[in-house]
file data-v8.tsv (TSV, C-alpha atoms and all ligand atoms)
chain	number	residue	atom	x	y	z
A	14	MET	CA	13.94	6.72	15.44
A	15	PRO	CA	12.45	4.76	18.39
A	16	ASP	CA	13.63	1.20	19.03
A	17	SER	CA	10.42	-0.36	17.75
A	18	TYR	CA	11.09	0.94	14.24
A	19	HIS	CA	12.69	-1.62	11.88
A	20	LYS	CA	12.55	-4.44	14.39
A	21	THR	CA	12.11	-7.99	13.04
A	22	CYS	CA	8.84	-9.62	14.12
A	23	THR	CA	7.95	-13.31	13.96
A	24	ILE	CA	4.58	-14.85	13.18
A	25	ASP	CA	3.37	-18.44	13.15
A	26	ALA	CA	2.08	-20.15	10.03
A	27	THR	CA	-1.22	-22.01	10.12
A	28	GLY	CA	-0.78	-25.56	8.83
A	29	ASP	CA	0.95	-25.63	5.46
A	30	ARG	CA	0.77	-21.92	4.70
A	31	LEU	CA	1.20	-18.39	5.98
A	32	ARG	CA	-2.15	-16.68	5.61
A	33	LEU	CA	-1.99	-12.92	5.12
A	34	TRP	CA	-4.34	-10.10	4.29
A	35	GLN	CA	-3.37	-6.77	2.83
A	36	LEU	CA	-5.47	-3.79	3.93
A	37	THR	CA	-4.26	-0.65	2.19
A	38	ASP	CA	-4.98	3.05	1.84
A	39	THR	CA	-7.53	3.13	4.61
A	40	HIS	CA	-7.33	6.99	4.67
A	41	LEU	CA	-8.93	7.38	8.10
A	42	CYS	CA	-9.59	11.03	8.92
A	43	ALA	CA	-8.93	12.83	12.20
A	44	GLU	CA	-12.58	12.49	13.23
A	45	THR	CA	-14.78	9.39	13.17
A	46	GLY	CA	-16.93	9.39	10.05
A	47	GLY	CA	-14.64	11.74	8.12
A	48	THR	CA	-14.84	11.37	4.36
A	49	LEU	CA	-12.51	11.09	1.37
A	50	LEU	CA	-14.22	12.20	-1.87
A	51	GLU	CA	-17.49	11.84	0.06
A	52	MET	CA	-16.85	8.26	1.21
A	53	ASP	CA	-16.96	7.53	4.96
A	54	THR	CA	-13.60	5.79	5.33
A	55	ASP	CA	-14.27	4.43	8.85
A	56	ARG	CA	-17.38	2.68	7.62
A	57	SER	CA	-15.77	1.28	4.47
A	58	LEU	CA	-12.80	-0.14	6.43
A	59	GLN	CA	-15.09	-1.79	8.97
A	60	LEU	CA	-17.16	-3.35	6.17
A	61	VAL	CA	-13.99	-4.65	4.47
A	62	ILE	CA	-12.75	-6.21	7.72
A	63	ALA	CA	-16.13	-7.84	8.40
A	64	GLN	CA	-16.27	-9.30	4.90
A	65	ALA	CA	-12.67	-10.54	5.03
A	66	LEU	CA	-13.32	-12.33	8.35
A	67	ASP	CA	-16.44	-13.87	6.86
A	68	GLU	CA	-14.68	-15.01	3.68
A	69	ARG	CA	-11.22	-15.95	4.91
A	70	GLY	CA	-11.48	-16.69	8.63
A	71	THR	CA	-8.65	-15.55	10.88
A	72	PRO	CA	-5.36	-14.74	9.08
A	73	ASP	CA	-1.89	-15.18	10.54
A	74	ALA	CA	-1.12	-11.49	10.02
A	75	VAL	CA	-2.46	-8.34	8.37
A	76	LEU	CA	-0.22	-6.10	6.24
A	77	CYS	CA	-1.30	-2.43	6.14
A	78	THR	CA	0.60	-0.82	3.27
A	79	GLY	CA	0.32	2.91	3.83
A	80	ASP	CA	-1.99	5.92	3.65
A	81	LEU	CA	-3.52	4.47	6.79
A	82	SER	CA	-4.55	7.97	7.80
A	83	ASP	CA	-5.58	10.73	5.43
A	84	GLN	CA	-3.85	13.58	7.29
A	85	GLY	CA	-1.37	11.78	9.56
A	86	SER	CA	-3.48	12.28	12.70
A	87	LEU	CA	-2.86	10.34	15.88
A	88	THR	CA	-6.61	9.83	16.33
A	89	ALA	CA	-6.83	8.11	12.94
A	90	TYR	CA	-4.16	5.56	13.93
A	91	GLN	CA	-5.83	5.05	17.30
A	92	ARG	CA	-9.11	4.21	15.55
A	93	LEU	CA	-7.22	1.95	13.13
A	94	GLU	CA	-5.90	0.06	16.17
A	95	ASP	CA	-9.49	-0.22	17.46
A	96	TYR	CA	-10.87	-1.52	14.15
A	97	LEU	CA	-8.03	-4.03	13.76
A	98	GLN	CA	-8.91	-5.47	17.17
A	99	ALA	CA	-11.77	-7.25	15.35
A	100	ILE	CA	-9.11	-9.47	13.74
A	101	PRO	CA	-7.41	-11.90	16.17
A	102	ALA	CA	-4.02	-11.56	14.45
A	103	PRO	CA	-1.12	-9.10	14.54
A	104	SER	CA	-1.10	-6.23	12.07
A	105	PHE	CA	2.01	-4.63	10.60
A	106	TRP	CA	2.10	-1.18	9.06
A	107	LEU	CA	4.30	0.81	6.72
A	108	PRO	CA	3.94	4.52	5.89
A	109	GLY	CA	2.46	6.08	2.76
A	110	ASN	CA	2.65	9.66	1.59
A	111	HIS	CA	-0.33	10.66	3.75
A	112	ASP	CA	1.14	9.18	6.93
A	113	ASP	CA	3.13	10.49	9.87
A	114	ARG	CA	5.58	7.90	11.20
A	115	ASN	CA	5.83	9.42	14.65
A	116	GLU	CA	2.06	9.43	15.11
A	117	MET	CA	1.90	5.83	13.84
A	118	LEU	CA	4.44	4.81	16.44
A	119	ALA	CA	2.64	6.81	19.14
A	120	ALA	CA	-0.67	5.06	18.38
A	121	SER	CA	0.91	1.60	18.33
A	122	ARG	CA	2.29	2.07	21.87
A	123	GLY	CA	5.13	-0.42	21.66
A	124	ARG	CA	3.22	-3.11	19.78
A	125	HIS	CA	5.78	-3.16	16.96
A	126	ARG	CA	3.41	-2.13	14.22
A	127	LEU	CA	6.26	-0.83	12.03
A	128	PRO	CA	8.73	-3.71	11.70
A	129	GLY	CA	11.46	-3.72	9.10
A	130	GLU	CA	10.87	-7.40	8.50
A	131	ILE	CA	8.44	-10.16	9.45
A	132	ARG	CA	9.51	-13.80	9.57
A	133	GLY	CA	7.07	-16.68	9.35
A	134	GLY	CA	7.46	-20.26	8.06
A	135	GLN	CA	9.86	-20.28	5.10
A	136	TRP	CA	9.27	-16.61	4.41
A	137	GLN	CA	10.64	-13.17	5.11
A	138	ILE	CA	8.31	-10.23	4.48
A	139	ILE	CA	10.36	-7.08	4.05
A	140	MET	CA	8.53	-3.85	4.89
A	141	LEU	CA	10.03	-0.82	3.13
A	142	ASP	CA	9.46	2.88	3.64
A	143	SER	CA	9.06	4.76	0.33
A	144	GLN	CA	7.79	7.98	1.91
A	145	ILE	CA	9.50	11.29	1.16
A	146	PRO	CA	8.16	13.47	3.98
A	147	GLY	CA	6.06	16.33	2.59
A	148	GLU	CA	5.92	14.90	-0.93
A	149	VAL	CA	3.34	12.80	-2.77
A	150	GLY	CA	5.78	10.71	-4.81
A	151	GLY	CA	7.98	7.96	-3.43
A	152	ARG	CA	11.64	7.09	-3.13
A	153	LEU	CA	13.44	4.39	-1.17
A	154	GLY	CA	16.77	6.12	-0.77
A	155	ASP	CA	20.14	4.66	0.17
A	156	ASN	CA	19.21	3.60	3.71
A	157	GLU	CA	16.16	1.56	2.71
A	158	LEU	CA	17.95	0.03	-0.28
A	159	GLN	CA	20.83	-0.95	1.99
A	160	ARG	CA	18.43	-2.41	4.55
A	161	LEU	CA	16.71	-4.38	1.75
A	162	SER	CA	20.06	-5.70	0.56
A	163	THR	CA	21.08	-6.79	4.07
A	164	ALA	CA	17.70	-8.47	4.68
A	165	LEU	CA	17.86	-10.39	1.39
A	166	GLU	CA	21.40	-11.58	2.12
A	167	GLU	CA	20.30	-12.85	5.54
A	168	GLY	CA	17.23	-14.49	4.02
A	169	LYS	CA	19.40	-16.18	1.41
A	170	ARG	CA	21.69	-17.61	4.09
A	171	GLU	CA	18.65	-18.97	5.91
A	172	GLY	CA	16.94	-20.33	2.79
A	173	LEU	CA	13.89	-18.05	3.01
A	174	TYR	CA	11.57	-16.87	0.25
A	175	ALA	CA	10.89	-13.14	0.14
A	176	LEU	CA	7.80	-10.96	-0.20
A	177	VAL	CA	8.72	-7.26	-0.48
A	178	CYS	CA	6.12	-4.65	0.57
A	179	LEU	CA	6.08	-0.87	0.12
A	180	HIS	CA	3.56	1.92	-0.43
A	181	HIS	CA	4.41	3.49	-3.80
A	182	GLN	CA	4.37	1.56	-7.05
A	183	PRO	CA	7.85	0.49	-8.23
A	184	VAL	CA	6.62	0.07	-11.83
A	185	SER	CA	4.53	2.20	-14.15
A	186	VAL	CA	0.86	1.24	-13.85
A	187	GLY	CA	-0.32	2.94	-17.06
A	188	SER	CA	-1.95	6.05	-15.53
A	189	ALA	CA	0.10	9.18	-16.30
A	190	TRP	CA	-1.12	11.18	-13.27
A	191	ILE	CA	-0.15	8.55	-10.71
A	192	ASP	CA	2.91	7.26	-12.53
A	193	GLN	CA	4.53	10.63	-11.81
A	194	GLN	CA	4.52	9.45	-8.20
A	195	MET	CA	6.15	6.03	-8.67
A	196	VAL	CA	9.29	5.09	-6.73
A	197	ALA	CA	11.97	7.44	-8.08
A	198	ASP	CA	14.83	4.97	-7.54
A	199	ALA	CA	12.94	1.95	-8.87
A	200	GLU	CA	15.85	1.01	-11.14
A	201	GLN	CA	18.16	0.42	-8.16
A	202	PHE	CA	15.35	-1.46	-6.41
A	203	TRP	CA	14.89	-3.87	-9.33
A	204	ASN	CA	18.64	-4.28	-9.89
A	205	LEU	CA	18.86	-5.45	-6.30
A	206	LEU	CA	15.82	-7.73	-6.29
A	207	GLU	CA	16.78	-9.44	-9.50
A	208	ARG	CA	19.98	-10.73	-7.87
A	209	TYR	CA	17.91	-12.93	-5.55
A	210	GLU	CA	15.94	-15.89	-6.88
A	211	ALA	CA	14.14	-16.17	-3.55
A	212	VAL	CA	12.23	-12.91	-4.17
A	213	LYS	CA	8.81	-14.16	-5.21
A	214	ALA	CA	6.63	-11.06	-5.10
A	215	VAL	CA	6.39	-7.31	-4.60
A	216	LEU	CA	3.22	-5.88	-3.05
A	217	TRP	CA	2.18	-2.24	-2.81
A	218	GLY	CA	-0.67	0.22	-2.20
A	219	HIS	CA	-1.02	3.85	-3.37
A	220	VAL	CA	-2.70	3.15	-6.71
A	221	HIS	CA	-6.12	2.19	-5.23
A	222	GLN	CA	-6.68	-0.53	-7.83
A	223	GLN	CA	-5.97	-4.21	-8.39
A	224	ILE	CA	-2.85	-5.12	-10.36
A	225	ASP	CA	-1.63	-8.67	-10.87
A	226	SER	CA	1.27	-8.92	-13.30
A	227	ARG	CA	4.86	-10.14	-13.42
A	228	ARG	CA	8.36	-8.83	-13.94
A	229	GLY	CA	10.32	-11.91	-14.95
A	230	ALA	CA	9.90	-14.43	-12.14
A	231	ILE	CA	8.59	-11.86	-9.65
A	232	ALA	CA	4.84	-11.42	-9.11
A	233	LEU	CA	3.69	-7.78	-9.00
A	234	MET	CA	0.62	-7.00	-6.94
A	235	ALA	CA	-1.32	-3.86	-6.08
A	236	SER	CA	-4.68	-3.85	-4.39
A	237	PRO	CA	-7.91	-1.93	-3.95
A	238	SER	CA	-8.09	0.66	-1.21
A	239	THR	CA	-10.44	-0.06	1.66
A	240	CYS	CA	-12.19	3.16	0.54
A	241	VAL	CA	-12.10	5.10	-2.76
A	242	GLN	CA	-10.88	3.41	-5.98
A	243	PHE	CA	-8.94	4.98	-8.88
A	244	ALA	CA	-9.86	4.08	-12.47
A	245	PRO	CA	-7.18	1.91	-14.13
A	246	GLY	CA	-5.55	3.25	-17.30
A	247	SER	CA	-6.78	6.82	-16.91
A	248	ARG	CA	-4.34	9.56	-18.02
A	249	ASP	CA	-5.86	12.07	-15.59
A	250	PHE	CA	-7.14	11.60	-12.05
A	251	LYS	CA	-10.35	9.57	-12.21
A	252	VAL	CA	-12.36	7.89	-9.48
A	253	ASP	CA	-13.69	4.38	-10.15
A	254	ASP	CA	-17.09	3.22	-8.93
A	255	LYS	CA	-15.79	-0.19	-7.81
A	256	PRO	CA	-16.43	-0.99	-4.13
A	257	PRO	CA	-13.78	-1.05	-1.38
A	258	GLY	CA	-11.78	-4.25	-1.03
A	259	TYR	CA	-8.73	-6.14	0.23
A	260	ARG	CA	-6.22	-8.76	-0.90
A	261	TRP	CA	-5.55	-12.14	0.68
A	262	LEU	CA	-2.28	-14.02	0.18
A	263	ASP	CA	-1.36	-17.58	1.14
A	264	LEU	CA	2.42	-18.17	1.20
A	265	PHE	CA	3.47	-21.82	0.97
A	266	ALA	CA	6.67	-23.43	2.25
A	267	ASP	CA	7.76	-24.26	-1.32
A	268	GLY	CA	7.73	-20.58	-2.36
A	269	ARG	CA	4.35	-20.70	-4.07
A	270	ILE	CA	1.83	-17.88	-3.55
A	271	GLU	CA	-1.92	-18.05	-3.93
A	272	THR	CA	-3.66	-14.69	-3.85
A	273	GLY	CA	-6.90	-12.94	-4.68
A	274	VAL	CA	-8.78	-9.69	-4.28
A	275	SER	CA	-12.26	-9.38	-2.84
A	276	ARG	CA	-14.57	-6.38	-2.68
A	277	VAL	CA	-17.44	-5.52	-0.36
A	278	THR	CA	-20.81	-6.80	-1.50
A	279	GLY	CA	-24.27	-5.96	-0.21
A	280	ALA	CA	-23.52	-2.36	0.80
A	281	GLU	CA	-23.95	1.00	-0.92
A	282	PHE	CA	-21.16	3.58	-0.92
A	283	THR	CA	-21.20	7.30	-1.64
A	284	VAL	CA	-18.26	8.59	-3.68
A	285	ASP	CA	-17.66	11.70	-5.77
A	286	LEU	CA	-17.10	10.21	-9.22
A	287	GLU	CA	-16.64	13.67	-10.81
A	288	SER	CA	-13.76	14.72	-8.59
A	289	GLY	CA	-10.81	16.08	-10.51
A	290	GLY	CA	-8.16	15.73	-7.86
A	291	TYR	CA	-6.92	14.15	-4.72
A	292	LEU	CA	-4.00	14.94	-2.51
A	301	FE	FE	-3.86	6.36	-0.93
call {"tool": "encode", "arguments": {"input": "data-v8.tsv", "output": "structure tokens", "more": "lines below"}}
Ligand SMILES: [Fe+2]
result
Amino acid sequence: MPDSYHKTCTIDATGDRLRLWQLTDTHLCAETGGTLLEMDTDRSLQLVIAQALDERGTPDAVLCTGDLSDQGSLTAYQRLEDYLQAIPAPSFWLPGNHDDRNEMLAASRGRHRLPGEIRGGQWQIIMLDSQIPGEVGGRLGDNELQRLSTALEEGKREGLYALVCLHHQPVSVGSAWIDQQMVADAEQFWNLLERYEAVKAVLWGHVHQQIDSRRGAIALMASPSTCVQFAPGSRDFKVDDKPPGYRWLDLFADGRIETGVSRVTGAEFTVDLESGGYL
């Protein structure tokens, strides 16, 4: 793996908080204007970014939590870089099942888009890789679990709070079709996290829907895709007609998190609501 993979990056907090956005499951195609279930994913991402800038101002960093391309194409990541230039803040990426790590690194050209960890204020943001190359479902595996353990130990020594990010859901979300794809070694993941009081939240993508719940003291968050949405609670694959969106998170020095989800308003989107599948 190139040197820029799993580096630790540092960001500066604004005032009393670290202000983050999560943009997830952007599913950019190889060509500009390519579609996912009939939705133009370039257009929807650009509308999400414009609305987020309008609503939230400039963040301190943007977290892009996987399925950033639809087919792992270099051109998709290059356009992602272009669209993110509209935001005067660093972006950090992790891979989803649709992504190609080498092409992500090639597009980022040494800008450290794929850090293992981000430090800012009193926080460590740990970026995990749950991709199993060639498969739809997720697993962390021994290396990522070990890296998580090491990062949490270091964070504990330094008195940092932790936000843990990954692509696949580490809990069942109540949809049989997508729960088959949840993190296979979630039990080890939770056993590890629950040893550290400083872990405040886990944030993921993949499920293309908003989830805000808790597991004990840990906040659980999933977020809308910047393109097509999946219907919550559906046993079989089902597209939702909700608009594209994003999540914002403010991380405070006392370990508190404020967060919310916002969706694009004032625009029409085409999407195939009758589709029976998506891979
Ligand atoms: Fe996705």
call {"tool": "residues_near_point", "arguments": {"input": "data-v8.tsv", "point": "(12.7, 6.4, -1.7)", "cutoff": "8 Å", "atoms": "all atoms listed in the file", "output": "PyMOL selection string"}}
result
chain A and resi 142-145+151-155+157+196-198
call {"tool": "closest_residue", "arguments": {"input": "data-v8.tsv", "among": "A:Met140, A:Leu87, A:Ala189, A:Leu206", "to": "Leu118 (chain A)", "atoms": "only C-alpha atoms"}}
result
A:Leu87
call {"tool": "residues_around", "arguments": {"input": "data-v8.tsv", "residues": "Met195 (chain A)", "least_positions_apart": "2", "cutoff": "10 Å", "atoms": "all atoms listed in the file", "output": "PyMOL selection string"}}
result
chain A and resi 143+149-152+180-186+191-193+197-199+219-220
call {"tool": "residues_near_ligand", "arguments": {"input": "data-v8.tsv", "ligand": "ligand FE 301 (chain A)", "cutoff": "8 Å", "atoms": "all atoms listed in the file", "output": "MDAnalysis selection string"}}
result
chainID A and resid 37:40 79:81 83 109:111 218:221 238
call {"tool": "atom_distance", "arguments": {"input": "data-v8.tsv", "atom1": "CA of Glu271 (chain A)", "atom2": "CA of Gln137 (chain A)"}}
result
16.2 Å
call {"tool": "closest_residue", "arguments": {"input": "data-v8.tsv", "among": "A:Pro257, A:Glu130, A:Pro72, A:Cys178", "to": "Arg160 (chain A)", "atoms": "all atoms listed in the file"}}
result
A:Glu130
call {"tool": "atom_distance", "arguments": {"input": "data-v8.tsv", "atom1": "CA of Tyr96 (chain A)", "atom2": "CA of Leu41 (chain A)"}}
result
10.9 Å
call {"tool": "axis_aligned_box", "arguments": {"input": "data-v8.tsv", "around": "region 148-162 of chain A", "padding_each_side": "4 Å", "output": "lines of an AutoDock Vina configuration file"}}
result
center_x = 12.1
center_y = 4.6
center_z = -0.1
size_x = 25.5
size_y = 28.6
size_z = 17.4
call {"tool": "residues_around", "arguments": {"input": "data-v8.tsv", "residues": "Asp253 (chain A)", "least_positions_apart": "6", "cutoff": "8 Å", "atoms": "only C-alpha atoms", "output": "MDAnalysis selection string"}}
result
chainID A and resid 241:244 286
call {"tool": "residues_around", "arguments": {"input": "data-v8.tsv", "residues": "Arg56 (chain A)", "least_positions_apart": "4", "cutoff": "9 Å", "atoms": "only C-alpha atoms", "output": "PDB file with C-alpha atoms, keeping the file's coordinate frame"}}
result
ATOM      1  CA  GLY A  46     -16.930   9.390  10.050  1.00  0.00           C
ATOM      2  CA  MET A  52     -16.850   8.260   1.210  1.00  0.00           C
ATOM      3  CA  LEU A  60     -17.160  -3.350   6.170  1.00  0.00           C
ATOM      4  CA  VAL A  61     -13.990  -4.650   4.470  1.00  0.00           C
ATOM      5  CA  CYS A 240     -12.190   3.160   0.540  1.00  0.00           C
TER       6      CYS A 240
END
call {"tool": "atom_distance", "arguments": {"input": "data-v8.tsv", "atom1": "CA of Glu210 (chain A)", "atom2": "CA of Arg170 (chain A)"}}
result
12.5 Å
call {"tool": "residues_around", "arguments": {"input": "data-v8.tsv", "residues": "Ile270 (chain A)", "least_positions_apart": "2", "cutoff": "10 Å", "atoms": "all atoms listed in the file", "output": "ChimeraX atom specification"}}
result
/A:30-31,176,213-214,232,262-268,272
call {"tool": "closest_residue", "arguments": {"input": "data-v8.tsv", "among": "A:Ala43, A:Val284, A:Ile231, A:Ile138", "to": "Gly85 (chain A)", "atoms": "all atoms listed in the file"}}
result
A:Ala43
call {"tool": "residues_near_point", "arguments": {"input": "data-v8.tsv", "point": "(-20.3, 2.7, 2.3)", "cutoff": "7 Å", "atoms": "all atoms listed in the file", "output": "PyMOL selection string"}}
result
chain A and resi 52-53+56-57+280-283
call {"tool": "build_atoms", "arguments": {"input": "data-v8.tsv", "residues": "region 173-192 of chain A", "atoms": "N, CA and C atoms", "output": "mmCIF file, in the coordinates of the input"}}
result
data_model
loop_
_atom_site.group_PDB
_atom_site.id
_atom_site.type_symbol
_atom_site.label_atom_id
_atom_site.label_comp_id
_atom_site.auth_asym_id
_atom_site.auth_seq_id
_atom_site.Cartn_x
_atom_site.Cartn_y
_atom_site.Cartn_z
ATOM 1 N N LEU A 173 15.262 -18.565 2.951
ATOM 2 C CA LEU A 173 13.890 -18.050 3.010
ATOM 3 C C LEU A 173 13.453 -17.476 1.662
ATOM 4 N N TYR A 174 12.171 -17.585 1.372
ATOM 5 C CA TYR A 174 11.570 -16.870 0.250
ATOM 6 C C TYR A 174 11.213 -15.466 0.726
ATOM 7 N N ALA A 175 11.132 -14.529 -0.248
ATOM 8 C CA ALA A 175 10.890 -13.140 0.140
ATOM 9 C C ALA A 175 9.668 -12.541 -0.543
ATOM 10 N N LEU A 176 8.875 -11.835 0.274
ATOM 11 C CA LEU A 176 7.800 -10.960 -0.200
ATOM 12 C C LEU A 176 8.207 -9.547 0.211
ATOM 13 N N VAL A 177 8.272 -8.627 -0.752
ATOM 14 C CA VAL A 177 8.720 -7.260 -0.480
ATOM 15 C C VAL A 177 7.516 -6.320 -0.560
ATOM 16 N N CYS A 178 7.291 -5.530 0.503
ATOM 17 C CA CYS A 178 6.120 -4.650 0.570
ATOM 18 C C CYS A 178 6.565 -3.189 0.684
ATOM 19 N N LEU A 179 5.829 -2.308 0.021
ATOM 20 C CA LEU A 179 6.080 -0.870 0.120
ATOM 21 C C LEU A 179 4.792 -0.139 -0.254
ATOM 22 N N HIS A 180 4.789 1.180 -0.120
ATOM 23 C CA HIS A 180 3.560 1.920 -0.430
ATOM 24 C C HIS A 180 3.469 2.311 -1.902
ATOM 25 N N HIS A 181 4.490 2.983 -2.415
ATOM 26 C CA HIS A 181 4.410 3.490 -3.800
ATOM 27 C C HIS A 181 4.699 2.383 -4.809
ATOM 28 N N GLN A 182 4.154 2.563 -6.009
ATOM 29 C CA GLN A 182 4.370 1.560 -7.050
ATOM 30 C C GLN A 182 5.796 1.652 -7.591
ATOM 31 N N PRO A 183 6.489 0.490 -7.696
ATOM 32 C CA PRO A 183 7.850 0.490 -8.230
ATOM 33 C C PRO A 183 7.885 0.239 -9.739
ATOM 34 N N VAL A 184 6.719 0.201 -10.367
ATOM 35 C CA VAL A 184 6.620 0.070 -11.830
ATOM 36 C C VAL A 184 5.537 1.044 -12.292
ATOM 37 N N SER A 185 5.590 1.398 -13.573
ATOM 38 C CA SER A 185 4.530 2.200 -14.150
ATOM 39 C C SER A 185 3.248 1.364 -14.179
ATOM 40 N N VAL A 186 2.120 1.986 -13.839
ATOM 41 C CA VAL A 186 0.860 1.240 -13.850
ATOM 42 C C VAL A 186 -0.043 1.661 -15.010
ATOM 43 N N GLY A 187 0.449 2.568 -15.876
ATOM 44 C CA GLY A 187 -0.320 2.940 -17.060
ATOM 45 C C GLY A 187 -1.318 4.069 -16.847
ATOM 46 N N SER A 188 -1.140 4.840 -15.764
ATOM 47 C CA SER A 188 -1.950 6.050 -15.530
ATOM 48 C C SER A 188 -0.968 7.196 -15.341
ATOM 49 N N ALA A 189 -0.948 8.144 -16.315
ATOM 50 C CA ALA A 189 0.100 9.180 -16.300
ATOM 51 C C ALA A 189 0.109 9.958 -14.994
ATOM 52 N N TRP A 190 -1.083 10.302 -14.470
ATOM 53 C CA TRP A 190 -1.120 11.180 -13.270
ATOM 54 C C TRP A 190 -0.465 10.504 -12.070
ATOM 55 N N ILE A 191 -0.698 9.206 -11.905
ATOM 56 C CA ILE A 191 -0.150 8.550 -10.710
ATOM 57 C C ILE A 191 1.241 7.973 -10.969
ATOM 58 N N ASP A 192 1.561 7.749 -12.238
ATOM 59 C CA ASP A 192 2.910 7.260 -12.530
ATOM 60 C C ASP A 192 3.980 8.317 -12.281
#
